[in-house]
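Coordinates as given in final15.csv (CSV, C-alpha atoms):
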chain,number,residue,atom,x,y,z
A,1,MET,CA,110.1,88.4,101.1
A,2,ALA,CA,112.8,89.2,98.6
A,3,LYS,CA,116.4,88.5,99.5
A,4,ILE,CA,118.8,91.3,98.5
A,5,ASN,CA,122.5,91.5,98.6
A,6,PHE,CA,122.8,95.1,99.8
A,7,GLN,CA,121.8,97.3,102.7
A,8,PRO,CA,119.2,99.9,101.3
A,9,LYS,CA,120.2,102.4,104.0
A,10,GLN,CA,123.9,102.2,102.9
A,11,VAL,CA,123.0,102.7,99.3
A,12,THR,CA,120.8,105.8,99.9
A,13,LYS,CA,123.6,107.2,102.1
A,14,LYS,CA,126.1,106.7,99.2
A,15,LEU,CA,123.7,108.3,96.7
A,16,LEU,CA,123.1,111.3,98.9
A,17,SER,CA,126.8,111.9,99.7
A,18,PRO,CA,127.6,114.2,96.7
A,19,LEU,CA,124.9,116.7,97.6
A,20,SER,CA,125.1,120.0,99.5
A,21,ASP,CA,123.8,119.9,103.1
A,22,ARG,CA,120.5,121.6,102.3
A,23,ALA,CA,119.8,119.5,99.2
A,24,LYS,CA,120.5,116.4,101.2
A,25,GLU,CA,118.2,117.5,104.0
A,26,VAL,CA,115.4,118.2,101.6
A,27,LEU,CA,115.5,114.7,100.1
A,28,ILE,CA,115.8,113.1,103.5
A,29,LYS,CA,112.7,115.0,104.6
A,30,ARG,CA,110.8,114.4,101.4
A,31,TYR,CA,111.4,110.6,101.2
A,32,GLY,CA,111.5,109.8,104.9
A,33,LEU,CA,115.1,108.7,105.0
A,34,GLY,CA,116.0,110.0,108.4
A,35,VAL,CA,115.7,108.6,111.9
A,36,LYS,CA,111.9,109.1,111.7
A,37,PRO,CA,110.4,107.5,108.5
A,38,GLN,CA,107.6,110.2,108.1
A,39,LYS,CA,107.7,111.9,104.7
A,40,GLN,CA,107.1,115.6,104.6
A,41,THR,CA,105.2,117.6,102.1
A,42,LEU,CA,106.7,120.4,100.0
A,43,GLU,CA,104.7,122.9,102.0
A,44,SER,CA,106.0,121.7,105.4
A,45,ILE,CA,109.6,121.7,104.2
A,46,GLY,CA,109.1,125.2,102.7
A,47,GLN,CA,107.8,126.5,106.0
A,48,GLU,CA,110.9,125.2,107.8
A,49,TYR,CA,113.2,127.0,105.4
A,50,GLY,CA,111.1,130.0,104.8
A,51,ILE,CA,110.8,129.3,101.0
A,52,THR,CA,107.9,128.5,98.7
A,53,ARG,CA,106.8,124.9,97.9
A,54,GLU,CA,107.8,125.5,94.3
A,55,ARG,CA,111.4,126.4,95.4
A,56,VAL,CA,111.5,123.1,97.4
A,57,ARG,CA,110.4,121.2,94.3
A,58,GLN,CA,113.2,122.8,92.3
A,59,ILE,CA,115.8,121.9,95.0
A,60,GLU,CA,114.4,118.3,95.0
A,61,ASP,CA,114.5,118.0,91.2
A,62,SER,CA,118.0,119.5,91.0
A,63,ALA,CA,119.3,117.2,93.7
A,64,LEU,CA,117.9,114.1,92.0
A,65,ASP,CA,119.5,115.2,88.8
A,66,ASN,CA,122.8,115.8,90.4
A,67,ILE,CA,122.7,112.3,92.0
A,68,ARG,CA,122.2,110.7,88.6
A,69,LYS,CA,125.2,112.6,87.2
A,70,SER,CA,127.5,111.6,90.0
A,71,ALA,CA,130.2,109.0,90.2
A,72,GLU,CA,128.5,107.5,93.3
A,73,TYR,CA,125.4,106.8,91.1
A,74,LYS,CA,127.5,104.8,88.7
A,75,GLU,CA,129.0,102.9,91.6
A,76,CYS,CA,125.5,101.8,92.6
A,77,ASP,CA,124.7,100.3,89.2
A,78,SER,CA,124.8,96.7,90.5
A,79,PHE,CA,122.2,97.6,93.1
A,80,PHE,CA,119.9,99.0,90.5
A,81,VAL,CA,120.3,95.9,88.4
A,82,GLU,CA,119.4,93.7,91.4
A,83,VAL,CA,116.2,95.7,92.0
A,84,LYS,CA,115.3,95.7,88.3
A,85,THR,CA,115.8,91.9,88.2
A,86,LEU,CA,113.3,91.6,91.1
A,87,VAL,CA,110.7,93.8,89.4
A,88,GLU,CA,111.0,91.7,86.2
A,89,LYS,CA,110.6,88.6,88.3
A,90,MET,CA,107.4,90.0,89.8
A,91,GLY,CA,106.0,90.7,86.3
A,92,GLY,CA,107.7,93.8,85.0
A,93,ILE,CA,104.8,96.0,86.3
A,94,VAL,CA,103.7,95.9,89.9
A,95,SER,CA,101.8,98.0,92.4
A,96,GLU,CA,104.0,100.2,94.6
A,97,SER,CA,102.7,98.8,97.8
A,98,GLU,CA,103.2,95.2,96.8
A,99,LEU,CA,106.7,95.9,95.5
A,100,LEU,CA,107.8,97.7,98.7
A,101,ASN,CA,106.3,94.9,100.9
A,102,GLU,CA,108.3,92.4,98.9
A,103,PHE,CA,111.5,94.0,100.3
A,104,SER,CA,110.3,94.7,103.9
A,105,LYS,CA,107.4,95.4,106.1
A,106,ALA,CA,109.4,98.1,107.9
A,107,GLU,CA,108.4,101.7,106.8
A,108,SER,CA,112.0,102.9,107.0
A,109,ILE,CA,113.3,100.2,104.7
A,110,GLN,CA,110.5,100.7,102.3
A,111,ASN,CA,111.3,104.4,102.1
A,112,GLN,CA,115.0,103.6,101.3
A,113,ILE,CA,113.8,101.2,98.5
A,114,HIS,CA,111.3,103.8,97.2
A,115,PHE,CA,114.1,106.4,97.0
A,116,ILE,CA,116.3,103.9,95.0
A,117,LEU,CA,113.4,103.4,92.6
A,118,VAL,CA,112.9,107.2,92.2
A,119,VAL,CA,116.6,107.8,91.5
A,120,GLY,CA,117.2,104.8,89.3
A,121,ASN,CA,116.9,105.2,85.6
A,122,PRO,CA,115.7,101.7,84.9
A,123,PHE,CA,112.5,102.4,86.9
A,124,PHE,CA,109.4,104.2,85.8
A,125,LYS,CA,106.5,105.2,88.1
A,126,LYS,CA,102.9,105.7,87.1
A,127,LYS,CA,100.9,107.7,89.6
A,128,GLU,CA,97.5,106.6,90.9
A,129,ASP,CA,94.5,107.5,88.7
A,130,ASP,CA,90.9,106.5,88.4
A,131,ASN,CA,91.8,103.1,87.0
A,132,PHE,CA,95.0,102.1,88.7
A,133,THR,CA,97.0,102.4,91.9
A,134,HIS,CA,100.6,103.7,92.1
A,135,ARG,CA,102.7,101.3,90.1
A,136,TRP,CA,106.3,100.7,88.9
A,137,HIS,CA,107.5,99.2,85.7
A,138,VAL,CA,110.6,98.6,83.7
A,139,ASP,CA,109.0,98.1,80.3
A,140,GLU,CA,106.7,100.8,78.9
A,141,MET,CA,105.2,98.6,76.1
A,142,LEU,CA,104.4,95.8,78.6
A,143,SER,CA,102.9,98.3,81.0
A,144,LYS,CA,100.6,99.7,78.3
A,145,LYS,CA,99.5,96.2,77.2
A,146,VAL,CA,98.7,95.1,80.7
A,147,GLU,CA,96.7,98.3,81.5
A,148,GLU,CA,94.7,98.1,78.2
A,149,SER,CA,93.9,94.5,78.8
A,150,ILE,CA,92.7,95.2,82.4
A,151,LYS,CA,90.4,97.9,81.0
A,152,LYS,CA,88.9,95.5,78.4
A,153,LEU,CA,88.5,92.9,81.1
A,154,TYR,CA,86.6,95.4,83.3
A,155,GLN,CA,84.3,96.3,80.4
A,156,ASN,CA,83.3,92.7,79.8
A,157,LEU,CA,82.3,92.2,83.5
A,158,GLY,CA,78.7,92.6,84.5
A,159,ASP,CA,77.9,94.9,87.5
A,160,GLU,CA,77.0,91.9,89.8
A,161,ASP,CA,79.4,89.3,88.4
A,162,ILE,CA,81.2,87.1,90.9
A,163,ILE,CA,84.0,85.1,89.2
A,164,SER,CA,86.4,82.6,90.7
A,165,GLU,CA,90.0,83.5,90.7
A,166,SER,CA,91.0,80.8,88.2
A,167,GLU,CA,88.3,82.0,85.8
A,168,MET,CA,89.3,85.6,86.2
A,169,VAL,CA,92.9,84.8,85.4
A,170,ALA,CA,91.8,82.8,82.4
A,171,GLN,CA,89.7,85.6,81.1
A,172,PHE,CA,92.5,88.1,81.7
A,173,LEU,CA,94.9,86.0,79.7
A,174,LYS,CA,92.6,86.0,76.7
A,175,HIS,CA,93.1,89.8,76.4
A,176,LEU,CA,96.8,89.6,76.6
A,177,GLU,CA,98.0,88.8,73.1
A,178,ASN,CA,101.5,87.5,72.3
A,179,LEU,CA,102.4,87.4,75.9
A,180,SER,CA,105.9,86.2,76.8
A,181,GLU,CA,105.9,82.8,78.4
A,182,LYS,CA,107.8,84.1,81.4
A,183,TYR,CA,104.8,86.2,82.3
A,184,SER,CA,102.1,83.5,81.5
A,185,ASN,CA,101.7,82.2,85.0
A,186,ASP,CA,98.9,82.7,87.6
A,187,GLU,CA,101.2,84.5,90.1
A,188,VAL,CA,102.2,87.3,87.7
A,189,LEU,CA,98.7,87.6,86.2
A,190,LYS,CA,97.1,88.0,89.7
A,191,ARG,CA,99.8,90.6,90.6
A,192,TRP,CA,98.9,92.5,87.5
A,193,LEU,CA,95.2,92.5,88.4
A,194,ASN,CA,96.2,94.0,91.8
A,195,ILE,CA,97.2,97.3,90.1
A,196,SER,CA,93.5,97.8,89.1
A,197,LYS,CA,91.2,100.0,91.2
A,198,LYS,CA,88.2,98.9,89.1
A,199,ILE,CA,88.6,95.1,89.6
A,200,SER,CA,89.1,93.5,92.9
A,201,LYS,CA,88.2,90.5,95.0
A,202,ASN,CA,85.9,89.9,98.0
A,203,PRO,CA,86.8,88.3,101.3
A,204,LEU,CA,86.2,84.8,99.7
A,205,GLY,CA,88.7,85.5,97.0
A,206,GLU,CA,86.1,85.9,94.2
A,207,TRP,CA,86.6,88.6,91.7
A,208,GLY,CA,84.4,91.2,90.1
A,209,ARG,CA,83.9,95.0,89.7
A,210,SER,CA,85.2,96.9,92.7
A,211,GLU,CA,82.0,98.9,93.0
A,212,SER,CA,79.8,95.8,93.3
A,213,THR,CA,78.4,95.0,96.8
A,214,ASN,CA,79.3,91.4,96.0
A,215,ILE,CA,83.0,92.4,95.9
A,216,ASN,CA,83.2,95.6,98.1
A,217,VAL,CA,81.5,94.0,101.1
A,218,LYS,CA,80.5,96.6,103.7
A,219,GLY,CA,77.7,95.4,105.9
A,220,ILE,CA,75.8,92.4,107.3
A,221,ARG,CA,73.6,92.2,104.2
A,222,ASP,CA,76.6,91.8,101.9
A,223,TYR,CA,78.2,89.2,104.2
A,224,ALA,CA,74.9,87.4,104.4
A,225,TYR,CA,74.7,87.3,100.6
A,226,LEU,CA,78.1,85.7,100.4
A,227,VAL,CA,77.3,83.2,103.1
A,228,ILE,CA,74.0,82.0,101.5
A,229,ARG,CA,75.5,81.9,98.0
A,230,ARG,CA,78.4,79.9,99.3
A,231,HIS,CA,76.0,77.5,101.1
A,232,GLY,CA,74.1,77.0,97.9
A,233,SER,CA,70.7,76.2,99.4
A,234,PRO,CA,68.2,77.8,101.8
A,235,ILE,CA,69.7,78.4,105.2
A,236,HIS,CA,68.3,79.5,108.6
A,237,PHE,CA,69.1,83.1,109.6
A,238,LYS,CA,70.7,81.9,112.9
A,239,GLU,CA,73.2,79.8,110.9
A,240,VAL,CA,73.8,82.8,108.5
A,241,ALA,CA,74.8,84.9,111.6
A,242,GLU,CA,77.1,82.1,112.8
A,243,GLN,CA,78.7,81.7,109.5
A,244,ILE,CA,79.4,85.5,109.1
A,245,SER,CA,81.2,85.3,112.4
A,246,LYS,CA,83.1,82.2,111.6
A,247,ILE,CA,84.1,82.9,108.0
A,248,PHE,CA,84.7,86.6,108.1
A,249,ASN,CA,85.4,87.2,111.8
A,250,LYS,CA,82.7,89.8,111.9
A,251,LYS,CA,80.3,90.1,114.8
A,252,ALA,CA,76.8,89.3,113.6
A,253,HIS,CA,74.0,89.3,116.1
A,254,VAL,CA,71.2,86.9,115.2
A,255,ALA,CA,68.3,89.5,115.5
A,256,THR,CA,70.3,92.1,113.5
A,257,THR,CA,71.1,89.5,110.8
A,258,HIS,CA,67.4,88.5,110.6
A,259,ASN,CA,66.3,92.1,110.3
A,260,GLU,CA,68.8,92.8,107.5
A,261,LEU,CA,67.6,89.7,105.5
A,262,ILE,CA,64.0,90.9,105.8
A,263,LYS,CA,64.9,94.3,104.4
A,264,ASP,CA,66.9,93.2,101.4
A,265,SER,CA,65.3,92.1,98.1
A,266,ARG,CA,68.2,89.8,97.4
A,267,PHE,CA,66.8,87.4,100.0
A,268,VAL,CA,63.6,85.4,100.1
A,269,LEU,CA,62.0,83.8,103.1
A,270,VAL,CA,61.2,80.3,101.9
A,271,GLY,CA,60.3,78.6,105.2
A,272,ARG,CA,60.3,79.2,109.0
A,273,GLY,CA,63.5,81.2,109.3
A,274,LEU,CA,65.0,79.8,106.1
A,275,TYR,CA,66.3,82.2,103.5
A,276,ALA,CA,67.3,81.7,99.9
A,277,LEU,CA,68.6,84.1,97.2
A,278,SER,CA,66.0,85.6,94.9
A,279,GLU,CA,68.4,85.1,92.0
A,280,TRP,CA,67.9,81.3,92.5
A,281,GLY,CA,64.3,81.8,91.1
A,282,TYR,CA,62.4,81.8,94.4
A,283,SER,CA,59.3,84.0,94.4
A,284,THR,CA,58.6,86.6,97.1
A,285,GLY,CA,55.4,86.7,99.1
A,286,VAL,CA,53.4,84.2,101.2
A,287,VAL,CA,52.3,80.8,100.0
A,288,ARG,CA,49.1,82.1,98.5
A,289,ASP,CA,51.2,84.5,96.4
A,290,VAL,CA,53.5,81.7,95.3
A,291,ILE,CA,50.5,79.6,94.2
A,292,LYS,CA,49.1,82.5,92.2
A,293,GLU,CA,52.4,83.0,90.4
A,294,ILE,CA,52.7,79.3,89.6
A,295,ILE,CA,49.1,79.2,88.1
A,296,LYS,CA,49.8,82.4,86.1
A,297,LYS,CA,52.9,80.9,84.7
A,298,ASN,CA,51.6,77.4,84.0
A,299,GLY,CA,47.8,77.7,83.7
A,300,PRO,CA,45.3,75.5,85.7
A,301,LEU,CA,47.0,72.7,87.6
A,302,THR,CA,46.0,69.7,89.7
A,303,LYS,CA,46.4,69.7,93.5
A,304,ASN,CA,49.5,67.4,93.3
A,305,GLU,CA,51.1,69.5,90.5
A,306,ILE,CA,50.7,72.7,92.6
A,307,ILE,CA,52.0,71.0,95.7
A,308,ASP,CA,55.1,69.8,93.8
A,309,LYS,CA,55.8,73.2,92.4
A,310,VAL,CA,55.2,75.1,95.6
A,311,LEU,CA,57.6,72.8,97.5
A,312,LYS,CA,60.3,73.8,95.1
A,313,GLU,CA,59.7,77.4,96.1
A,314,ARG,CA,58.9,77.1,99.8
A,315,HIS,CA,59.9,74.8,102.7
A,316,VAL,CA,56.4,74.4,104.1
A,317,LYS,CA,54.0,71.5,105.0
A,318,GLN,CA,51.7,70.2,102.3
A,319,ASN,CA,48.7,71.0,104.5
A,320,THR,CA,49.6,74.7,104.4
A,321,ILE,CA,49.4,74.6,100.6
A,322,LEU,CA,46.0,72.7,100.7
A,323,VAL,CA,44.6,75.2,103.2
A,324,ASN,CA,45.4,78.0,100.8
A,325,LEU,CA,43.9,76.2,97.8
A,326,GLN,CA,40.6,75.7,99.7
A,327,ASN,CA,40.2,79.4,100.1
A,328,GLN,CA,37.6,80.1,97.4
A,329,LYS,CA,38.2,83.8,97.6
A,330,PHE,CA,41.5,83.3,95.8
A,331,PHE,CA,41.3,79.9,94.0
A,332,LYS,CA,38.6,77.8,92.3
A,333,ARG,CA,38.6,74.2,91.1
A,334,ASP,CA,37.1,73.3,87.7
A,335,LYS,CA,35.2,70.2,86.7
A,336,SER,CA,38.5,68.4,85.8
A,337,GLY,CA,39.9,68.9,89.3
A,338,LYS,CA,42.4,71.6,88.3
A,339,TYR,CA,42.8,74.8,90.2
A,340,ASN,CA,42.8,78.3,88.8
A,341,ILE,CA,42.8,81.8,90.2
A,342,ALA,CA,39.4,82.9,91.3

Go ahead and express the file in the form of structure tokens.
Amino acid sequence: MAKINFQPKQVTKKLLSPLSDRAKEVLIKRYGLGVKPQKQTLESIGQEYGITRERVRQIEDSALDNIRKSAEYKECDSFFVEVKTLVEKMGGIVSESELLNEFSKAESIQNQIHFILVVGNPFFKKKEDDNFTHRWHVDEMLSKKVEESIKKLYQNLGDEDIISESEMVAQFLKHLENLSEKYSNDEVLKRWLNISKKISKNPLGEWGRSESTNINVKGIRDYAYLVIRRHGSPIHFKEVAEQISKIFNKKAHVATTHNELIKDSRFVLVGRGLYALSEWGYSTGVVRDVIKEIIKKNGPLTKNEIIDKVLKERHVKQNTILVNLQNQKFFKRDKSGKYNIA
């Protein structure tokens, strides 16, 4: 939490003081500066005064302009400098929500700070768009460089990429040429990444494209994927459910988790209740299907060679593999003792 040497409410009161009563009331309602912190729309204010939303906008713009021309505005210069110093410390460009939270968690205080940002000449707001959230900056060139670099970073990401935070920061830094040393630290770089709507991180702190189910985790299947991937080896569906509850604090019933694993092609049943990720190279199907795929890929193999390769794909007993091999409807053994597909 940022430590500031002024009372935001007192500053906004001073800034509003040169205005007419109606202009002052319009700004108080628009920016939530009154007793109640709720902000009102142009339409709702217009209805109260019996004027159009466009007229309310004109009153608002004129009032802000009058504040900036007032003696009271000049008297608040030290407060603007203090806020600007904090924005620069946070990286020079920062998402609106993160910036306001740095001052206070209270909505009323955040509204006061937001008004100071709106009025202050050192501060520039960029509205939310398809790529970025609402954000504030104090350096236009830096802002453009950061946003262009984030766009390039996104373009280089694969749809299903999951990247550790340290690796993501390192990749981001490569796109930022001639960056000042004061910004070349992980804290600032991660704060810059937070302005992106296209890139984000999952509940485990891993980064990727926001639209990916590996990052924008929504259901039991997605949580199960992260659990199994984190585990790194086949895991029983009961333990998957337990880990979802433990790691993500999400209720995961064992039966429901098992059903979701069965339905999703990302998971492969490799033993009694044991699931692995298909991306690890495990084949789908029963043991017989696995044997077929192994022979198709490698050609005729001996009994021991087949057992060895199947056990890398499935957690089953050797006898289960031998029973399948003895089924002459599917497999035949040649004179050299090697098995082929019948």

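Of note, atom CA of Leu15 of chain A and atom CA of Asn111 of chain A are spaced 14.1 Å apart.
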
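Atom to atom, atom CA of Ile116 of chain A and atom CA of Cys76 of chain A stand 9.7 Å apart.
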
A straight line from atom CA of Tyr223 of chain A to atom CA of Phe248 of chain A spans 8.0 Å

For each of A:Gln47, A:Gln112, A:Gln58, A:Asn319, take the minimum atom-to-atom distance to Gln10 of chain A, counting only C-alpha atoms, then give the residue where this is smallest.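 For Gln10 of chain A, the nearest of the candidates is A:Gln112.
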
Quick one: of A:Thr41, A:Asn304, A:Ser17, A:Gln318, who's nearest to Tyr339 of chain A, counting all atoms listed in the file?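 Smallest distance to Tyr339 of chain A is found for A:Asn304.
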
Determine the nearest neighbour of Ser200 of chain A from the options A:Ile162, A:Val26, A:Ile295, A:Val268, counting all atoms listed in the file. A:Ile162

A:Thr133, A:Ser164, A:Gln38, A:Ser233 ranked by distance to Gln110 of chain A, top pick (using only C-alpha atoms): A:Gln38

A:Gly337, A:Pro122, A:Gly299, A:Pro234 ranked by distance to Lys312 of chain A, top pick (using only C-alpha atoms):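 Using only C-alpha atoms, the shortest distance to Lys312 of chain A belongs to A:Pro234.
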
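Proximity to Lys13 of chain A was assessed for A:Glu72, A:Val316, A:Glu206, A:Leu261 counting all atoms listed in the file; the smallest distance is recorded for A:Glu72.
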